[in-house]
Amino acid sequence: MKKLYLSASIAALLAAGSVQATEVYNKDGNTVDVGGYISLQALSMPTLTDEQKKTVKPMGFGDNGSRFNLGFGHDLGNGWKSMGKIEYAFNGTGEKFTSATGAIDSDNDQFTNRLAYLAFGHGTYGTVYVGKTWSTFSDVASVTETGAVYAPVWGMYGLGDGSWEGTGRAKNVLQYRVTIPAANNMRLGLQYQPVAQGEYAEEEFISKFGGGFGLSLVVPVMPELEVGVAYQMSAFEYKKTSGINPTEDYDKGANAMAVSVKYGSFEAPGFHMGLTYSLGENLGKLPTGLAVTDKGVVGTNDGALLSAPKSNQIAVVGSFNVNKFVPFVGYYMTTFESEAGIRDIIISGTAISTGASTTSTMVEKATSNSLVVGAHYLWSDNFSIFAEYSMDMSSEITTKADEAVAAAVLTDDGKKHYETTNSPHGFTMGFKFVF
């Protein structure tokens, strides 16, 4: 039996979403790495409506994305290496508490797969990945995913983790990634998702995946400054048995594009800035309280797959690391637009009350603006503390309904109905321990 060799130190997780593993075995060209973190938080959301309080706790203590991973490597000689990784999220408390919304997971799953892939590559010629791994789209879109809790990055996590869209932790993919020293260490990523076998069910719908393709390009333009661009397209087929009740089977393509600018890094001393602009068509779910009418569809449910006709997001974050204390601010503006007469956004009847009765009305555009402020203290390489506050900065909804109905809808209780039925805002604080 081979003996395990523990390394002298544990690498830190300082940037959101990244885990640097600890090497626990290294012998005869074989390595084993162990990594992950435990993060817990206390969450308060005083702006919840009475309806939201039926399924969401206004205050509570829960897990904030805790996970662990195992990595394996084998040196093949002459610069070639084979690799593999598996990563699972785990529930750090007895009750699952989703970080940004506070929603309780009724299944209370203790372990959820995040990553599982094999890779083969060379330092000069690039690396090929097969399995479930971070997408090429996330290379660019995640630049503004700074906060530990509040960082609403558009397009990456439309169905939970972006696995079938290929925009987040992409599932069933073949990827090629390479760094090109001759082009100032430019990074290129190519991604292909073959047609899935069978069908995939997700709450309100059953759809058949028709394959997808993505690419990313990140270019360092000067020390600490880099720009990126990414594109992703996917194909889905709505089925007649779907919860969204289409009257016929039909195909729908989906696509997304993102551009980014990044300066510095969150964990390094000094100033850090991230800026992204993302846009897409037929990609991502509309928030609760909004629905969409579509070709052949009767009574489309809120949050159905590919329900946002057109959508875009502008996001910017900035931070300054002073002696491991990192205050930051982020602004996220996400807009959903209808395609007049083809795919119209509807304000849900269950969310709107005009006093006499509930009603639904068409809208041309719904916009969500969030301002996030917070601070992290990077106490050590292994331990950090965070506090964050998310505020609703949403604008009014532009409506296509007649003036009488529009006025009643938009002034009811003085609330902005899009945002009050979307992700709740509030205050959170917690800690993260990296192992």
# chains A, B, ... in the order shown; residues from 1 in each chain; ligands from 1
call {"tool": "residues_around", "arguments": {"residues": "Gly79 (chain A)", "least_positions_apart": "5", "cutoff": "9 Å", "atoms": "only C-alpha atoms", "output": "list in words"}}
result
Gly121, His122, Gly123 and Thr124 of chain A
call {"tool": "residues_around", "arguments": {"residues": "Asn172 (chain A)", "least_positions_apart": "6", "cutoff": "12 Å", "atoms": "only C-alpha atoms", "output": "ChimeraX atom specification"}}
result
/A:115-118,129-135,162-166,191-197,209,211-213
call {"tool": "closest_residue", "arguments": {"among": "A:Gly264, A:Gly36, A:Pro223, A:Gly71", "to": "Glu23 (chain A)", "atoms": "only C-alpha atoms"}}
result
A:Gly71
call {"tool": "atom_distance", "arguments": {"atom1": "CA of Glu226 (chain A)", "atom2": "CA of Met257 (chain A)"}}
result
17.3 Å
call {"tool": "closest_residue", "arguments": {"among": "A:Val32, A:Val143, A:Met429, A:Leu190", "to": "Gly274 (chain A)", "atoms": "only C-alpha atoms"}}
result
A:Val143
call {"tool": "residues_around", "arguments": {"residues": "His272 (chain A)", "least_positions_apart": "5", "cutoff": "9 Å", "atoms": "only C-alpha atoms", "output": "list of chain:residue names"}}
result
A:Lys262, A:Tyr263, A:Gly264, A:Ser265, A:Phe266, A:Glu267, A:Val317, A:Gly318, A:Ser319, A:Phe320, A:Asn321
call {"tool": "atom_distance", "arguments": {"atom1": "CA of His425 (chain A)", "atom2": "CA of Ser370 (chain A)"}}
result
8.6 Å
call {"tool": "atom_distance", "arguments": {"atom1": "CA of Tyr377 (chain A)", "atom2": "CA of Lys432 (chain A)"}}
result
10.3 Å
